[in-house]
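*Asks:* The following file, run_29.csv, comprises CSV, C-alpha atoms:
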chain,number,residue,atom,x,y,z
A,856,ILE,CA,-10.0,-24.9,10.0
A,857,ASN,CA,-10.9,-22.2,7.5
A,858,ILE,CA,-11.2,-18.8,9.3
A,859,SER,CA,-12.4,-15.8,7.4
A,860,VAL,CA,-12.7,-12.2,8.4
A,861,GLU,CA,-16.2,-10.7,7.8
A,862,LYS,CA,-17.1,-7.1,7.9
A,863,CYS,CA,-19.6,-5.8,10.4
A,864,ILE,CA,-23.3,-6.3,9.4
A,865,ILE,CA,-25.9,-4.0,10.7
A,866,SER,CA,-28.9,-6.0,9.7
A,867,SER,CA,-28.1,-9.2,11.7
A,868,VAL,CA,-25.2,-11.3,13.0
A,869,ILE,CA,-23.5,-14.0,11.0
A,870,SER,CA,-25.1,-17.4,11.4
A,871,GLY,CA,-24.7,-20.8,9.9
A,872,THR,CA,-21.0,-21.3,10.6
A,873,ASP,CA,-19.8,-24.8,11.1
A,874,SER,CA,-16.6,-26.6,12.3
A,875,THR,CA,-15.0,-26.3,8.8
A,876,HIS,CA,-15.7,-22.5,8.4
A,877,GLU,CA,-15.3,-20.1,11.3
A,878,ALA,CA,-15.8,-16.4,10.8
A,879,LEU,CA,-14.1,-13.5,12.7
A,880,LEU,CA,-16.6,-10.7,12.7
A,881,VAL,CA,-15.4,-7.1,12.7
A,882,GLY,CA,-17.3,-5.3,15.4
A,883,PHE,CA,-19.0,-1.9,15.2
A,884,LEU,CA,-16.3,-0.4,17.5
A,885,ASN,CA,-13.8,-0.9,14.8
A,886,VAL,CA,-15.6,1.6,12.6
A,887,LYS,CA,-14.4,5.2,12.8
A,888,GLY,CA,-16.9,7.4,14.6
A,889,ILE,CA,-18.7,4.5,16.3
A,890,GLY,CA,-18.2,4.5,20.1
A,891,LYS,CA,-19.7,2.4,22.8
A,892,ALA,CA,-23.0,4.4,22.9
A,893,GLN,CA,-23.5,4.2,19.2
A,894,ALA,CA,-22.7,0.5,19.1
A,895,GLU,CA,-25.1,-0.2,21.9
A,896,ALA,CA,-27.8,1.7,20.2
A,897,ILE,CA,-27.4,-0.4,17.1
A,898,VAL,CA,-27.5,-3.7,19.0
A,899,GLU,CA,-30.4,-2.7,21.2
A,900,ALA,CA,-32.6,-1.6,18.2
A,901,ARG,CA,-31.6,-4.7,16.3
A,902,GLN,CA,-32.5,-7.1,19.1
A,903,TYR,CA,-36.1,-5.8,19.0
A,904,LYS,CA,-36.4,-6.2,15.2
A,905,LYS,CA,-34.0,-6.6,12.3
A,906,PHE,CA,-33.4,-3.4,10.3
A,907,SER,CA,-35.3,-3.5,7.0
A,908,SER,CA,-33.6,-0.5,5.2
A,909,VAL,CA,-31.1,2.4,5.7
A,910,ALA,CA,-34.0,4.6,6.7
A,911,ASP,CA,-35.2,2.1,9.3
A,912,ALA,CA,-31.7,1.9,10.8
A,913,MET,CA,-31.3,5.7,10.8
A,914,ARG,CA,-34.7,6.2,12.5
A,915,ARG,CA,-34.4,3.5,15.2
A,916,THR,CA,-30.7,4.0,16.1
A,917,GLY,CA,-30.8,7.8,16.1
A,918,LEU,CA,-27.2,7.9,14.8
A,919,LYS,CA,-25.9,11.1,13.3
A,920,ARG,CA,-24.8,11.5,9.7
A,921,GLU,CA,-21.0,10.8,10.1
A,922,PRO,CA,-21.3,7.4,11.8
A,923,ILE,CA,-24.0,6.3,9.5
A,924,GLU,CA,-21.9,7.2,6.5
A,925,ASN,CA,-18.9,5.5,7.9
A,926,LEU,CA,-21.0,2.3,8.4
A,927,VAL,CA,-22.0,2.5,4.8
A,928,LEU,CA,-18.4,2.9,3.7
A,929,ALA,CA,-17.4,0.0,5.9
A,930,GLY,CA,-20.0,-2.2,4.2
A,931,ALA,CA,-22.3,-2.6,7.2
A,932,PHE,CA,-25.3,-1.8,5.0
A,933,ASP,CA,-24.4,-4.0,2.1
A,934,SER,CA,-27.2,-6.5,2.8
A,935,LEU,CA,-29.8,-3.7,2.8
A,936,THR,CA,-28.7,-1.7,-0.2
A,937,THR,CA,-27.7,-2.3,-3.9
A,938,ASP,CA,-24.7,-0.1,-3.8
A,939,ARG,CA,-22.7,2.0,-1.2
A,940,ARG,CA,-22.7,5.2,-3.4
A,941,SER,CA,-26.5,5.2,-3.6
A,942,ALA,CA,-26.7,4.5,0.1
A,943,LEU,CA,-24.6,7.5,0.9
A,944,TRP,CA,-26.8,9.6,-1.4
A,945,GLU,CA,-29.9,8.4,0.5
A,946,VAL,CA,-28.3,9.2,3.9
A,947,GLY,CA,-27.7,12.8,2.6
A,948,LEU,CA,-31.3,13.1,1.6
A,949,ARG,CA,-32.5,12.1,5.0
A,950,TYR,CA,-30.4,14.7,6.8
A,951,TYR,CA,-30.5,18.5,6.6
A,952,PRO,CA,-28.8,21.3,8.5
A,953,VAL,CA,-30.7,23.0,11.3
A,954,ALA,CA,-29.6,25.6,13.9
A,955,ASN,CA,-29.0,24.2,17.4
A,956,GLY,CA,-31.4,21.4,16.7
A,957,ALA,CA,-34.3,23.8,16.1
A,958,VAL,CA,-36.1,23.7,12.8
A,959,ASN,CA,-36.8,26.9,10.9
A,960,SER,CA,-34.8,29.1,13.2
A,961,ARG,CA,-35.2,32.3,11.2
A,962,LYS,CA,-34.1,35.1,13.6
A,963,PRO,CA,-30.5,35.0,14.8
A,964,LYS,CA,-29.8,35.8,18.4
A,965,SER,CA,-27.8,38.9,19.2
A,966,SER,CA,-24.6,38.9,21.2
A,967,ARG,CA,-24.6,40.3,24.8
A,968,ASN,CA,-23.1,43.6,23.7
A,969,GLY,CA,-25.7,44.1,21.0
A,970,ASN,CA,-23.2,44.0,18.2
A,971,ALA,CA,-22.9,41.2,15.7
A,972,PRO,CA,-25.5,38.4,15.9
A,973,ILE,CA,-24.4,35.0,17.2
A,974,THR,CA,-24.2,32.5,14.3
A,975,PRO,CA,-25.9,29.3,15.4
A,976,LYS,CA,-23.9,26.2,15.2
A,977,LEU,CA,-25.2,23.9,12.5
A,978,GLU,CA,-26.0,20.3,13.4
A,979,ARG,CA,-27.3,17.5,11.3
A,980,GLN,CA,-30.7,16.1,12.1
A,981,GLN,CA,-32.8,13.5,10.4
A,982,ARG,CA,-35.4,14.7,8.0
A,983,MET,CA,-39.0,13.9,8.6
A,984,GLU,CA,-40.3,10.7,7.1
A,985,LEU,CA,-41.1,11.9,3.6
A,986,PRO,CA,-40.7,10.1,0.2
A,987,ILE,CA,-37.3,10.6,-1.3
A,988,GLU,CA,-37.6,8.3,-4.3
A,989,GLN,CA,-38.0,11.3,-6.6
A,990,ASP,CA,-34.7,12.7,-5.4
A,991,MET,CA,-32.6,9.5,-5.8
A,992,ALA,CA,-30.1,9.8,-8.5
A,993,ASP,CA,-29.0,7.1,-11.0
A,994,LEU,CA,-25.4,6.8,-9.8
A,995,ALA,CA,-22.7,4.5,-11.0
A,996,PRO,CA,-21.9,1.7,-8.5
A,997,MET,CA,-18.7,2.0,-6.5
A,998,THR,CA,-15.8,0.2,-8.1
A,999,SER,CA,-14.0,-2.5,-6.1
A,1000,TRP,CA,-11.1,0.0,-5.6
A,1001,GLU,CA,-13.5,2.6,-4.1
A,1002,ARG,CA,-15.1,0.0,-1.9
A,1003,MET,CA,-11.7,-1.0,-0.6
A,1004,ALA,CA,-10.7,2.6,-0.1
A,1005,GLY,CA,-13.8,3.2,2.0
A,1006,GLU,CA,-13.1,0.3,4.2
A,1007,TYR,CA,-9.5,1.4,4.8
A,1008,GLN,CA,-10.8,4.9,5.5
A,1009,THR,CA,-13.3,3.8,8.1
A,1010,MET,CA,-11.8,0.6,9.6
A,1011,SER,CA,-8.0,0.7,8.6
A,1012,LEU,CA,-8.5,-2.8,7.2
A,1013,TYR,CA,-10.0,-4.6,4.2
A,1014,PRO,CA,-11.7,-7.8,5.3
A,1015,GLU,CA,-12.4,-9.0,1.8
A,1016,GLY,CA,-8.8,-9.1,0.7
A,1017,HIS,CA,-5.6,-7.0,0.7
A,1018,LEU,CA,-4.6,-3.7,-0.9
A,1019,MET,CA,-2.0,-5.6,-3.0
A,1020,ASN,CA,-4.8,-7.6,-4.7
A,1021,HIS,CA,-5.7,-4.3,-6.5
A,1022,VAL,CA,-2.2,-2.9,-6.9
A,1023,ARG,CA,-0.5,-6.0,-8.3
A,1024,PRO,CA,-2.2,-6.0,-11.7
A,1025,LYS,CA,-0.6,-2.5,-12.3
A,1026,LEU,CA,2.9,-3.8,-11.5
A,1027,SER,CA,5.4,-5.5,-13.8
A,1028,PRO,CA,5.4,-9.3,-13.7
A,1029,SER,CA,9.0,-9.0,-12.5
A,1030,VAL,CA,7.7,-7.7,-9.1
A,1031,LEU,CA,7.5,-10.9,-7.1
A,1032,PRO,CA,5.0,-11.7,-4.4
A,1033,SER,CA,6.2,-12.7,-1.0
A,1034,ASP,CA,5.4,-16.4,-1.5
A,1035,GLU,CA,7.9,-16.7,-4.4
A,1036,ILE,CA,10.8,-15.0,-2.7
A,1037,PRO,CA,11.8,-17.9,-0.4
A,1038,HIS,CA,12.6,-20.0,-3.6
A,1039,LEU,CA,15.3,-17.5,-4.7
A,1040,LYS,CA,19.0,-18.2,-4.2
A,1041,ASP,CA,21.3,-16.2,-2.1
A,1042,GLY,CA,22.7,-13.1,-3.9
A,1043,MET,CA,19.9,-12.9,-6.5
A,1044,GLU,CA,18.4,-9.5,-7.3
A,1045,VAL,CA,14.7,-9.2,-6.8
A,1046,TRP,CA,11.9,-6.7,-7.1
A,1047,THR,CA,9.0,-6.8,-4.6
A,1048,ALA,CA,6.2,-4.6,-3.2
A,1049,GLY,CA,3.9,-4.4,-0.3
A,1050,LEU,CA,2.3,-2.5,2.6
A,1051,VAL,CA,4.7,-1.5,5.3
A,1052,ILE,CA,3.5,-3.0,8.6
A,1053,ARG,CA,6.6,-2.7,10.7
A,1054,ARG,CA,9.7,-0.6,11.0
A,1055,GLN,CA,12.5,-1.1,13.5
A,1056,ARG,CA,15.9,0.7,13.9
A,1057,PRO,CA,17.8,-0.8,16.9
A,1058,LEU,CA,20.8,1.2,18.0
A,1059,GLY,CA,20.4,3.6,15.1
A,1060,LYS,CA,22.1,1.3,12.6
A,1061,ALA,CA,20.3,-0.8,10.0
A,1062,VAL,CA,16.6,-0.3,9.6
A,1063,PHE,CA,14.4,-3.4,9.5
A,1064,ILE,CA,11.2,-3.2,7.5
A,1065,THR,CA,8.5,-5.8,7.0
A,1066,LEU,CA,6.3,-5.7,3.9
A,1067,GLU,CA,2.9,-7.4,3.7
A,1068,ASP,CA,1.2,-8.4,0.6
A,1069,GLU,CA,-1.8,-10.7,-0.2
A,1070,PHE,CA,0.3,-13.8,0.4
A,1071,GLY,CA,2.5,-13.1,3.4
A,1072,HIS,CA,5.4,-11.0,4.7
A,1073,THR,CA,8.8,-10.1,3.3
A,1074,PRO,CA,11.6,-8.9,5.7
A,1075,LEU,CA,13.8,-6.1,4.5
A,1076,ILE,CA,17.1,-4.7,5.7
A,1077,VAL,CA,18.2,-1.2,4.9
A,1078,TRP,CA,21.8,-0.3,5.6
A,1079,PRO,CA,22.6,3.3,6.7
A,1080,ALA,CA,23.9,4.5,3.3
A,1081,VAL,CA,20.8,3.3,1.5
A,1082,TYR,CA,18.5,4.6,4.2
A,1083,ALA,CA,20.1,8.1,3.9
A,1084,GLN,CA,19.4,8.0,0.2
A,1085,TYR,CA,15.8,6.9,0.5
A,1086,ARG,CA,14.9,8.2,3.9
A,1087,LEU,CA,11.7,10.1,2.9
A,1088,VAL,CA,10.6,7.3,0.5
A,1089,LEU,CA,10.9,4.6,3.2
A,1090,ARG,CA,8.4,6.5,5.3
A,1091,GLU,CA,5.6,5.9,2.8
A,1092,PRO,CA,3.0,3.2,3.5
A,1093,VAL,CA,3.3,1.2,0.3
A,1094,LEU,CA,6.7,0.5,-1.2
A,1095,LEU,CA,8.2,-0.9,-4.4
A,1096,ILE,CA,11.6,-2.4,-3.5
A,1097,ARG,CA,14.7,-3.6,-5.4
A,1098,GLY,CA,17.2,-5.6,-3.4
A,1099,THR,CA,19.4,-8.6,-3.0
A,1100,VAL,CA,18.4,-11.9,-1.4
A,1101,SER,CA,20.5,-12.7,1.7
A,1102,CYS,CA,20.3,-16.2,3.2
A,1103,ARG,CA,22.0,-16.5,6.5
A,1104,GLU,CA,21.6,-19.2,9.2
A,1105,GLY,CA,18.3,-20.3,8.0
A,1106,THR,CA,16.8,-16.9,7.6
A,1107,MET,CA,16.1,-14.9,4.4
A,1108,ASN,CA,16.1,-11.1,4.1
A,1109,ILE,CA,16.1,-8.6,1.2
A,1110,MET,CA,19.0,-6.2,1.4
A,1111,VAL,CA,17.4,-3.0,-0.1
A,1112,THR,CA,19.3,-1.2,-2.8
A,1113,HIS,CA,16.5,0.9,-4.3
A,1114,ALA,CA,13.0,2.1,-3.0
A,1115,GLU,CA,10.0,3.8,-4.6
A,1116,SER,CA,6.7,4.9,-3.2
A,1117,LEU,CA,3.5,3.4,-4.6
A,1118,GLN,CA,0.9,6.2,-4.4
A,1119,THR,CA,-2.3,4.2,-3.7
A,1120,LEU,CA,-4.7,5.2,-0.9
A,1121,LYS,CA,-4.8,8.2,1.4
A,1122,ASP,CA,-6.0,6.2,4.3
A,1123,THR,CA,-3.7,3.2,4.4
A,1124,PRO,CA,-3.2,1.7,7.9
A,1125,GLY,CA,-0.1,2.9,9.7
A,1126,SER,CA,2.9,0.7,10.5
A,1127,LYS,CA,4.3,-0.2,13.9
A,1128,ASN,CA,7.6,1.6,14.4
A,1129,TRP,CA,10.1,0.8,17.1
A,1130,ARG,CA,13.6,1.8,17.9
Render the structure in this file as structure tokens.

*Replies:*
Amino acid sequence: INISVEKCIISSVISGTDSTHEALLVGFLNVKGIGKAQAEAIVEARQYKKFSSVADAMRRTGLKREPIENLVLAGAFDSLTTDRRSALWEVGLRYYPVANGAVNSRKPKSSRNGNAPITPKLERQQRMELPIEQDMADLAPMTSWERMAGEYQTMSLYPEGHLMNHVRPKLSPSVLPSDEIPHLKDGMEVWTAGLVIRRQRPLGKAVFITLEDEFGHTPLIVWPAVYAQYRLVLREPVLLIRGTVSCREGTMNIMVTHAESLQTLKDTPGSKNWR
């Protein structure tokens, strides 16, 4: 069975799956800033009628600016917009700052002691339904890297692929993917790279790290002397590793001899760390 992961879709649910293609749909609660109340507001409004545009969804759900923008970055509005950057611009045009929810609050309130006036807290409210076409800018579409970065930022995952799909073209061909490493012989030197998904340090001795790339996982072992040398680097989320293949009792690991940080995204998902 071919199971794919699909990003959340605000306009409708996925339909048309069959026994040969099942889809795992990312829910609204996986998007940063979307809680139970916001998710229920989306579902309730959508049950009445499908959303026809970004403006329609904003008006009928009543969501504030941040959750709407996060949904845009997560790709939830892709079926209703031509590009996420333009959608973010539109969201900005449909919101404006008001004081304490009151429009045109001109006279600030004084404090109780009559000294400095109280500065009203700014909130974001939806603008009245006015034409915004004249204010829409001709913006360059988001690149695939920017789309991926937005999804990691708002969901901590990338349903369309993997971070290493975008990083690998920038690496040397000598940096092997995880699916090629099992074919190497014991004692061979290898370069590999990936996203750190697990760190473990039992009894304070060797550190066990698991790298993930677009093809699978690579287990690493870092001995104390090497860990002391690269301690700060090994805390980074994406690593470039040089090491030696170790095949023992039917298992394969990479014994790390050198580590570098691959500076990629600010919002890469964190690893699971155990002792």

*Asks:* Set the distance at 12 Å and use only C-alpha atoms: which residues neighbour Val898 of chain A once local chain neighbours fewer than 2 positions away are removed? I'd like the list as a count of residues only.

*Replies:* 25

*Asks:* Just the number, please: distance in Å from atom CA of Gly1098 of chain A to atom CA of Pro1024 of chain A, one decimal.

*Replies:*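 Taking atom CA of Gly1098 of chain A as the start and atom CA of Pro1024 of chain A as the end point, the length is 21.1 Å.
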
*Asks:* Go ahead and compute the interatomic distance for atom CA of Val886 of chain A and atom CA of Asp993 of chain A, in Å to one decimal.

*Replies:*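 Distance reported for this atom pair: 27.7 Å.
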
*Asks:* Rank nothing, just name the residue among A:Ile1036, A:Ala929, A:Val1051, A:Ala1114 nearest to Tyr1007 of chain A, using all atoms listed in the file.

*Replies:*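 Of A:Ile1036, A:Ala929, A:Val1051, A:Ala1114, the one nearest Tyr1007 of chain A is A:Ala929, counting all atoms listed in the file.
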
*Asks:* For Gln1084 of chain A, find every residue with an atom within 12 Å (counting only C-alpha atoms), except residues of its own chain fewer than 2 positions away, and show them as an mmCIF file with C-alpha atoms, in the frame of the given file.

*Replies:*
data_model
loop_
_atom_site.group_PDB
_atom_site.id
_atom_site.type_symbol
_atom_site.label_atom_id
_atom_site.label_comp_id
_atom_site.auth_asym_id
_atom_site.auth_seq_id
_atom_site.Cartn_x
_atom_site.Cartn_y
_atom_site.Cartn_z
ATOM 1 C CA VAL A 1077 18.200 -1.200 4.900
ATOM 2 C CA TRP A 1078 21.800 -0.300 5.600
ATOM 3 C CA PRO A 1079 22.600 3.300 6.700
ATOM 4 C CA ALA A 1080 23.900 4.500 3.300
ATOM 5 C CA VAL A 1081 20.800 3.300 1.500
ATOM 6 C CA TYR A 1082 18.500 4.600 4.200
ATOM 7 C CA ARG A 1086 14.900 8.200 3.900
ATOM 8 C CA LEU A 1087 11.700 10.100 2.900
ATOM 9 C CA VAL A 1088 10.600 7.300 0.500
ATOM 10 C CA LEU A 1089 10.900 4.600 3.200
ATOM 11 C CA VAL A 1111 17.400 -3.000 -0.100
ATOM 12 C CA THR A 1112 19.300 -1.200 -2.800
ATOM 13 C CA HIS A 1113 16.500 0.900 -4.300
ATOM 14 C CA ALA A 1114 13.000 2.100 -3.000
ATOM 15 C CA GLU A 1115 10.000 3.800 -4.600
#

*Asks:* For the atom pair atom CA of Ala878 of chain A and atom CA of Leu943 of chain A, what is the interatomic distance in Å to one decimal place?

*Replies:* 27.3 Å

*Asks:* Starting from the point (8.3, -10.5, 4.0), work out which residues of protein, DNA or RNA have an atom no more than 9 Å away when counting all atoms listed in the file; state them as a ChimeraX atom specification.

*Replies:* /A:1033-1034,1036,1049,1064-1068,1071-1075,1107-1109

*Asks:* Which of these, A:Ala995, A:Lys887, A:Glu1104, A:Ala1048, has the shortest distance to Lys1025 of chain A once you count all atoms listed in the file?

*Replies:* A:Ala1048

*Asks:* Which polymer residues, protein or nucleic acid, are no farther than 7 Å from (2.4, -1.5, -1.4), counting only C-alpha atoms, as a PyMOL selection string?

*Replies:* chain A and resi 1019+1048-1050+1092-1095+1117

*Asks:* Show me, as a PDB file with C-alpha atoms, keeping the file's coordinate frame, the residues that have an atom within 9 Å of segment 909-911 of chain A when counting all atoms listed in the file, minus same-chain residues fewer than 6 positions from it.

*Replies:*
ATOM      1  CA  ILE A 923     -24.000   6.300   9.500  1.00  0.00           C
ATOM      2  CA  PHE A 932     -25.300  -1.800   5.000  1.00  0.00           C
ATOM      3  CA  LEU A 935     -29.800  -3.700   2.800  1.00  0.00           C
ATOM      4  CA  THR A 936     -28.700  -1.700  -0.200  1.00  0.00           C
ATOM      5  CA  ALA A 942     -26.700   4.500   0.100  1.00  0.00           C
ATOM      6  CA  GLU A 945     -29.900   8.400   0.500  1.00  0.00           C
ATOM      7  CA  VAL A 946     -28.300   9.200   3.900  1.00  0.00           C
ATOM      8  CA  ARG A 949     -32.500  12.100   5.000  1.00  0.00           C
ATOM      9  CA  GLU A 984     -40.300  10.700   7.100  1.00  0.00           C
TER      10      GLU A 984
END

*Asks:* When distances are computed from all atoms listed in the file, which of A:Met997, A:Leu1039, A:Ile1076, A:Thr937 shows the smallest separation from Phe1063 of chain A?

*Replies:* A:Ile1076
